[in-house]
Amino acid sequence: MIRWLVWFLASSGAAIACEATGQRMSTETQNAPAVHVAVDEIPLAQPFSILLTVCGETAVSEMRVDAVMPAHQHGMNYLPVVTAIGDDVFRIDDMLFHMPGKWELQVDVEYNGQTVSYTYDLALK
Amino acid sequence: MKLWVSVAFVALTSVVRAEVLLSEDEIQQTLSFGPWPPPIQPDPSNRGSNDPRAIALGAALFDDPVLSIDGALACASCHNPEQAFTTLDPRAFGRVLLDRNTPSLRNLAGLRWYGWGGKSDNLWAASLHPIVEEQEMAHSEESLKRAISESPYVSDFEDIFGDIESQNPELVLVKIAKALSAYLETLVTERTQFDDFRDALERSDLAEAANYPEAAQRGLQLFLGRGNCAFCHNGPRFSNNEFHDAGVPYFLSETEVDEGRFGGLNFLLSSPYTLDGDWNDDPDKQGAWAVRNVRRSHSDFGNFRTPSLRGVAETDPYMHDGSLNDLDAVVRHYSEIDTERLHTNGDAVLSELKLTEQEIADLVAFLETLSSATRP
């Protein structure tokens with residue numbers, strides 16, 4: 001009973017910390033750790049950064065970030081740079097959306113050799 | 001008396017009829033094409049940037065054939081200041097006929113890429129390559145150093161950059177290019193009728209904004225809307241400064257193609273004169289992220305940099321190969337574009353617009369308002 005309570009507190013604490021950092025990304029993998037994305041206003045055709053927070057017990061061994069425009073069949077012209085800036089918090093620099101419209105942010109996170117894919121839709125005026 | 005009355009009547013009706021046709025959404029989009037001119041920001045990669053002495057030296061050298069091996073060509077031979085820093089030739093003609101149209105050199109400060117294929121990531125490199133390019137001015141580093149040492153410019157050079165004899169020839173080349181670049185940074189197109197319209201909209205001064213011709217307003221609506229033009233031609237310079245296939249054929253002959261961005265990237269990635277290289281004067285190497293992280297893709301082949309549309313009415317003929325004679329021809333090109341010829345994995349924003357004659361005229365009228373002058 002006591003162990004239950006401790007577990008409950010720990011996990012709800014983690015959930016609150018994660019909620020504070022932006023929107024939750026979608027994934028088709030069941031029971032996957034949540035990934036949240038924080039984005040400020042995105043400038044058109046200029047570099048920008050985003051923050052990603054992973055809410056899970058398992059350490060992240062690798063993270064790959066990309067974005068595509070589903071309607072126009074192309075991705076970004078630059079490879080974004082991922083920097084770990086704290087426990088489970090990552091800053092992604094050198095993102096650049098060179099056209100207005102709908103972009104799909106794609107994040108692959110590797111936990112213990114298992115890769116989980118996440119997506120999130122962003123609209124740029 | 002009768003005549004006077006009818007003149008007054010015509011004037012009155014045109015005042016009453018003039019109005020702003022744009023929706024609130026279109027007004028918001030229009031604001032993103034300004035303000036103009038942009039704030040002046042010195043180039044941290046060039047110590048000569050914003051230095052009046054370097055600018056003056058650059059301006060003098062730009063006009064002087066001392067920068068070509070045989071004294072036959074100046075930068076200004078192709079980039080003629082009397083003709084908006086280009087010429088009327090479809091493709092540049094100097095020592096030989098080149099494959100591409102000469103771009104106008106205005107509004108170049110602070111871009112991410114230079115050249116139709118983006119072979120340079122900074123303005124001094126874009127000013128350096130023509131000096132040593134075999135097909136352009138054809139100097140070697142040594143012959144350039146000799147030519148400058150023997151020219152009347154040597155004292156100005158030494159005032160700014162120090163004793164020339166003790167410097168290695170490559171350093172002299174880079175410094176000359178940086179002086180040229182400092183000068184080119186100062187070339188900015190003037191404010192236009194479009195800017196007055198845009199600023200009036202920003203102040204919500206609709207009476208003032210209504211002075212902008214209705215044909216140009218309808219053209220702007222097409223530019224933002226059905227024409228999809230602002231997908232690529234956006235921001236205060238009307239360019240996203242990236243690379244696209246706008247449906248202009250890139251065959252040079254039956255067997256040769258202009259590789260566009262593909263060739264530009266090959267050149268860039270083997271060049272010592274990028275922002276990531278040793279010749280950058282900025283210890284922080286701002287801007288070097290682009291050359292470090294730029295990605296190659298299949299669609300680079302035959303892609304070209306989106307040109308700015310500021311001052312466009314003064315710089316005919318158009319496109320990377322100068323194949324379209326006037327703005328009417330450019331708009332008809334987009335109107336009748338052959339999507340079969342576009343890259344299969346290219347930009348799905350271009351489609352045959354099938355514009356009416358009225359719409360073509362409107363779009364041309366809009367493009368003309370982006371210039372303060374037209375070609376005489």
# chains A, B, ... in the order shown; residues from 1 in each chain; ligands from 1
>>> select_by_dssp(residues="stretch 24-95 of chain B", states="alpha helix (DSSP H)", output="PyMOL selection string")
chain B and resi 24-31+52-62+75-78
>>> write_last_selection(atoms="N, CA, C and O atoms", output="compact mmCIF listing (two decimals), in the first residue's frame")
# COMPACT_ATOMS: atom_id res chain seq x y z
N GLU B 24 -9.03 41.80 -44.41
CA GLU B 24 -8.20 41.97 -43.22
C GLU B 24 -7.01 41.00 -43.26
O GLU B 24 -5.87 41.36 -42.96
N ASP B 25 -7.27 39.77 -43.70
CA ASP B 25 -6.23 38.76 -43.80
C ASP B 25 -5.16 39.16 -44.82
O ASP B 25 -3.95 39.02 -44.57
N GLU B 26 -5.62 39.67 -45.96
CA GLU B 26 -4.67 40.09 -47.00
C GLU B 26 -3.84 41.29 -46.52
O GLU B 26 -2.66 41.41 -46.84
N ILE B 27 -4.48 42.17 -45.74
CA ILE B 27 -3.73 43.31 -45.20
C ILE B 27 -2.61 42.82 -44.28
O ILE B 27 -1.46 43.25 -44.37
N GLN B 28 -2.94 41.86 -43.41
CA GLN B 28 -1.92 41.31 -42.51
C GLN B 28 -0.75 40.72 -43.31
O GLN B 28 0.42 40.93 -42.98
N GLN B 29 -1.07 39.97 -44.37
CA GLN B 29 0.00 39.38 -45.19
C GLN B 29 0.83 40.47 -45.87
O GLN B 29 2.04 40.33 -46.01
N THR B 30 0.15 41.53 -46.30
CA THR B 30 0.85 42.61 -47.00
C THR B 30 1.89 43.27 -46.09
O THR B 30 2.97 43.65 -46.53
N LEU B 31 1.55 43.38 -44.80
CA LEU B 31 2.49 44.03 -43.86
C LEU B 31 3.82 43.27 -43.79
O LEU B 31 4.86 43.86 -43.53
N PRO B 52 33.78 53.56 -44.01
CA PRO B 52 33.70 54.45 -45.18
C PRO B 52 34.90 54.33 -46.11
O PRO B 52 34.76 54.44 -47.32
N ARG B 53 36.08 54.06 -45.56
CA ARG B 53 37.26 53.96 -46.43
C ARG B 53 37.19 52.69 -47.28
O ARG B 53 37.50 52.71 -48.47
N ALA B 54 36.78 51.59 -46.68
CA ALA B 54 36.65 50.33 -47.43
C ALA B 54 35.55 50.47 -48.48
O ALA B 54 35.69 49.99 -49.62
N ILE B 55 34.46 51.15 -48.12
CA ILE B 55 33.35 51.34 -49.06
C ILE B 55 33.83 52.14 -50.27
O ILE B 55 33.55 51.79 -51.42
N ALA B 56 34.58 53.22 -50.00
CA ALA B 56 35.06 54.06 -51.10
C ALA B 56 36.03 53.30 -52.00
O ALA B 56 35.96 53.38 -53.23
N LEU B 57 36.92 52.51 -51.40
CA LEU B 57 37.85 51.71 -52.19
C LEU B 57 37.07 50.68 -53.03
O LEU B 57 37.33 50.50 -54.22
N GLY B 58 36.11 50.03 -52.40
CA GLY B 58 35.29 49.04 -53.11
C GLY B 58 34.57 49.66 -54.29
O GLY B 58 34.53 49.08 -55.39
N ALA B 59 34.00 50.85 -54.09
CA ALA B 59 33.26 51.51 -55.17
C ALA B 59 34.18 51.82 -56.33
O ALA B 59 33.82 51.64 -57.50
N ALA B 60 35.41 52.29 -56.03
CA ALA B 60 36.34 52.63 -57.11
C ALA B 60 36.79 51.37 -57.86
O ALA B 60 36.83 51.35 -59.09
N LEU B 61 37.10 50.31 -57.10
CA LEU B 61 37.56 49.07 -57.75
C LEU B 61 36.48 48.44 -58.60
O LEU B 61 36.75 47.84 -59.64
N PHE B 62 35.23 48.56 -58.15
CA PHE B 62 34.10 47.96 -58.86
C PHE B 62 34.04 48.44 -60.31
O PHE B 62 33.69 47.70 -61.22
N CYS B 75 33.90 44.88 -62.89
CA CYS B 75 32.63 44.33 -62.38
C CYS B 75 31.48 45.04 -63.08
O CYS B 75 30.48 44.43 -63.46
N ALA B 76 31.66 46.36 -63.25
CA ALA B 76 30.58 47.18 -63.81
C ALA B 76 30.31 46.89 -65.28
O ALA B 76 29.29 47.31 -65.82
N SER B 77 31.22 46.13 -65.96
CA SER B 77 30.94 45.77 -67.36
C SER B 77 29.69 44.90 -67.43
O SER B 77 28.91 44.99 -68.38
N CYS B 78 29.53 44.02 -66.46
CA CYS B 78 28.32 43.18 -66.43
C CYS B 78 27.28 43.78 -65.49
O CYS B 78 26.08 43.76 -65.78
>>> interface_residues(of="chain B", to="chain A", cutoff="10 Å", atoms="only C-alpha atoms", output="ChimeraX atom specification")
/B:28-29,32,112,230-235,239-243,287,289-297,299-300,344-350
>>> write_last_selection(atoms="N, CA and C atoms", output="compact mmCIF listing (two decimals), in the first residue's frame")
# COMPACT_ATOMS: atom_id res chain seq x y z
N GLN B 28 -2.94 41.86 -43.41
CA GLN B 28 -1.92 41.31 -42.51
C GLN B 28 -0.75 40.72 -43.31
N GLN B 29 -1.07 39.97 -44.37
CA GLN B 29 0.00 39.38 -45.19
C GLN B 29 0.83 40.47 -45.87
N SER B 32 3.79 41.96 -44.06
CA SER B 32 5.01 41.16 -43.93
C SER B 32 6.03 41.47 -45.03
N ARG B 112 21.34 34.77 -46.85
CA ARG B 112 21.91 33.47 -46.45
C ARG B 112 22.71 32.85 -47.60
N ALA B 230 3.48 34.07 -53.03
CA ALA B 230 4.11 34.40 -51.75
C ALA B 230 4.62 33.16 -51.01
N PHE B 231 4.36 31.97 -51.57
CA PHE B 231 4.98 30.79 -50.98
C PHE B 231 6.51 30.91 -51.05
N CYS B 232 7.00 31.47 -52.14
CA CYS B 232 8.45 31.58 -52.32
C CYS B 232 8.92 33.04 -52.26
N HIS B 233 8.13 33.93 -52.84
CA HIS B 233 8.51 35.34 -52.85
C HIS B 233 7.91 36.01 -51.61
N ASN B 234 8.58 35.89 -50.47
CA ASN B 234 8.01 36.48 -49.25
C ASN B 234 9.04 37.28 -48.46
N GLY B 235 8.55 38.00 -47.44
CA GLY B 235 9.43 38.85 -46.63
C GLY B 235 9.68 40.17 -47.34
N SER B 239 11.58 37.38 -51.24
CA SER B 239 12.26 36.12 -51.52
C SER B 239 12.51 35.37 -50.23
N ASN B 240 12.30 34.06 -50.24
CA ASN B 240 12.64 33.25 -49.07
C ASN B 240 14.12 32.87 -49.08
N ASN B 241 14.83 33.28 -50.16
CA ASN B 241 16.26 32.99 -50.26
C ASN B 241 16.56 31.50 -50.22
N GLU B 242 15.62 30.68 -50.69
CA GLU B 242 15.89 29.25 -50.83
C GLU B 242 15.75 28.88 -52.30
N PHE B 243 15.80 27.59 -52.61
CA PHE B 243 15.98 27.13 -53.99
C PHE B 243 14.78 26.34 -54.47
N GLY B 287 26.01 32.73 -38.47
CA GLY B 287 25.60 32.44 -39.84
C GLY B 287 26.23 31.18 -40.41
N TRP B 289 26.05 28.28 -39.33
CA TRP B 289 25.18 27.11 -39.16
C TRP B 289 24.63 26.62 -40.50
N ALA B 290 24.37 27.58 -41.43
CA ALA B 290 23.71 27.20 -42.68
C ALA B 290 24.60 26.30 -43.52
N VAL B 291 25.87 26.69 -43.69
CA VAL B 291 26.77 25.85 -44.49
C VAL B 291 27.08 24.54 -43.76
N ARG B 292 27.08 24.58 -42.44
CA ARG B 292 27.36 23.34 -41.70
C ARG B 292 26.21 22.34 -41.83
N ASN B 293 24.99 22.86 -41.79
CA ASN B 293 23.84 21.95 -41.68
C ASN B 293 23.05 21.79 -42.96
N VAL B 294 23.45 22.48 -44.03
CA VAL B 294 22.64 22.40 -45.25
C VAL B 294 22.61 20.96 -45.75
N ARG B 295 21.47 20.58 -46.26
CA ARG B 295 21.24 19.20 -46.66
C ARG B 295 21.20 19.06 -48.16
N ARG B 296 21.68 17.99 -48.67
CA ARG B 296 21.58 17.74 -50.10
C ARG B 296 20.29 16.97 -50.37
N SER B 297 19.70 17.23 -51.54
CA SER B 297 18.52 16.43 -51.89
C SER B 297 18.44 16.28 -53.40
N SER B 299 16.20 17.01 -55.36
CA SER B 299 15.58 18.13 -56.06
C SER B 299 16.50 19.34 -56.19
N ASP B 300 17.74 19.26 -55.64
CA ASP B 300 18.68 20.37 -55.83
C ASP B 300 18.98 20.59 -57.31
N THR B 344 9.44 15.81 -60.12
CA THR B 344 8.35 15.04 -59.52
C THR B 344 8.34 15.22 -58.00
N ASN B 345 9.53 15.36 -57.42
CA ASN B 345 9.56 15.56 -55.97
C ASN B 345 9.76 17.04 -55.62
N GLY B 346 9.38 17.89 -56.55
CA GLY B 346 9.58 19.32 -56.36
C GLY B 346 8.43 19.97 -55.62
N ASP B 347 8.23 21.21 -55.91
CA ASP B 347 7.25 21.98 -55.16
C ASP B 347 5.88 21.87 -55.77
N ALA B 348 4.97 21.31 -55.03
CA ALA B 348 3.62 21.16 -55.56
C ALA B 348 2.80 22.44 -55.40
N VAL B 349 3.45 23.60 -55.32
CA VAL B 349 2.68 24.84 -55.20
C VAL B 349 2.40 25.48 -56.55
N LEU B 350 3.16 25.09 -57.56
CA LEU B 350 2.97 25.70 -58.87
C LEU B 350 1.99 24.85 -59.67
>>> atom_distance(atom1="atom CA of B:Gln221", atom2="atom CA of B:Leu22")
7.1 Å
>>> residues_around(residues="stretch 31-36 of chain A", least_positions_apart="2", cutoff="12 Å", atoms="only C-alpha atoms", output="NGL selection string")
:A and (11 or 14-29 or 38-39 or 50-60 or 63 or 88-91 or 105-111 or 114-120)
>>> atom_distance(atom1="atom CA of B:Ile337", atom2="atom CA of B:Leu222")
16.0 Å
>>> atom_distance(atom1="atom CA of A:Ala123", atom2="atom CA of A:Lys102")
4.5 Å
>>> select_by_dssp(residues="stretch 52-204 of chain B", states="strand (DSSP E or B)", output="ChimeraX atom specification")
/B:80,86,93,97,114,120
>>> residues_around(residues="B:Ile360", least_positions_apart="2", cutoff="9 Å", atoms="only C-alpha atoms", output="ChimeraX atom specification")
/B:219,328,331-332,335,355-358,362-365
>>> write_last_selection(atoms="N, CA and C atoms", output="compact mmCIF listing (two decimals), in the first residue's frame")
# COMPACT_ATOMS: atom_id res chain seq x y z
N GLY B 219 -3.78 42.69 -58.46
CA GLY B 219 -2.60 41.87 -58.73
C GLY B 219 -2.00 41.33 -57.43
N ASP B 328 5.44 40.66 -68.39
CA ASP B 328 4.28 40.03 -69.01
C ASP B 328 4.62 38.57 -69.36
N VAL B 331 4.73 36.43 -66.14
CA VAL B 331 3.40 36.10 -65.61
C VAL B 331 2.73 35.06 -66.52
N ARG B 332 2.89 35.20 -67.83
CA ARG B 332 2.33 34.18 -68.74
C ARG B 332 3.00 32.82 -68.51
N SER B 335 1.33 31.38 -65.68
CA SER B 335 -0.06 31.10 -66.01
C SER B 335 -0.21 29.80 -66.81
N LEU B 355 -4.66 32.26 -66.11
CA LEU B 355 -5.12 33.62 -65.80
C LEU B 355 -5.80 34.25 -67.02
N THR B 356 -6.76 35.12 -66.77
CA THR B 356 -7.37 35.89 -67.86
C THR B 356 -6.43 37.03 -68.24
N GLU B 357 -6.69 37.68 -69.39
CA GLU B 357 -5.86 38.80 -69.83
C GLU B 357 -5.87 39.90 -68.76
N GLN B 358 -7.05 40.13 -68.17
CA GLN B 358 -7.17 41.14 -67.13
C GLN B 358 -6.28 40.79 -65.93
N ASP B 362 -3.14 42.77 -64.29
CA ASP B 362 -3.15 43.17 -62.88
C ASP B 362 -1.88 42.72 -62.16
N LEU B 363 -1.49 41.49 -62.40
CA LEU B 363 -0.29 40.96 -61.73
C LEU B 363 0.95 41.74 -62.18
N VAL B 364 1.02 42.07 -63.46
CA VAL B 364 2.14 42.88 -63.96
C VAL B 364 2.10 44.26 -63.32
N ALA B 365 0.90 44.84 -63.21
CA ALA B 365 0.78 46.17 -62.59
C ALA B 365 1.29 46.13 -61.16
>>> residues_around(residues="stretch 82-84 of chain B", least_positions_apart="3", cutoff="7 Å", atoms="only C-alpha atoms", output="PyMOL selection string")
chain B and resi 87+104+314-315
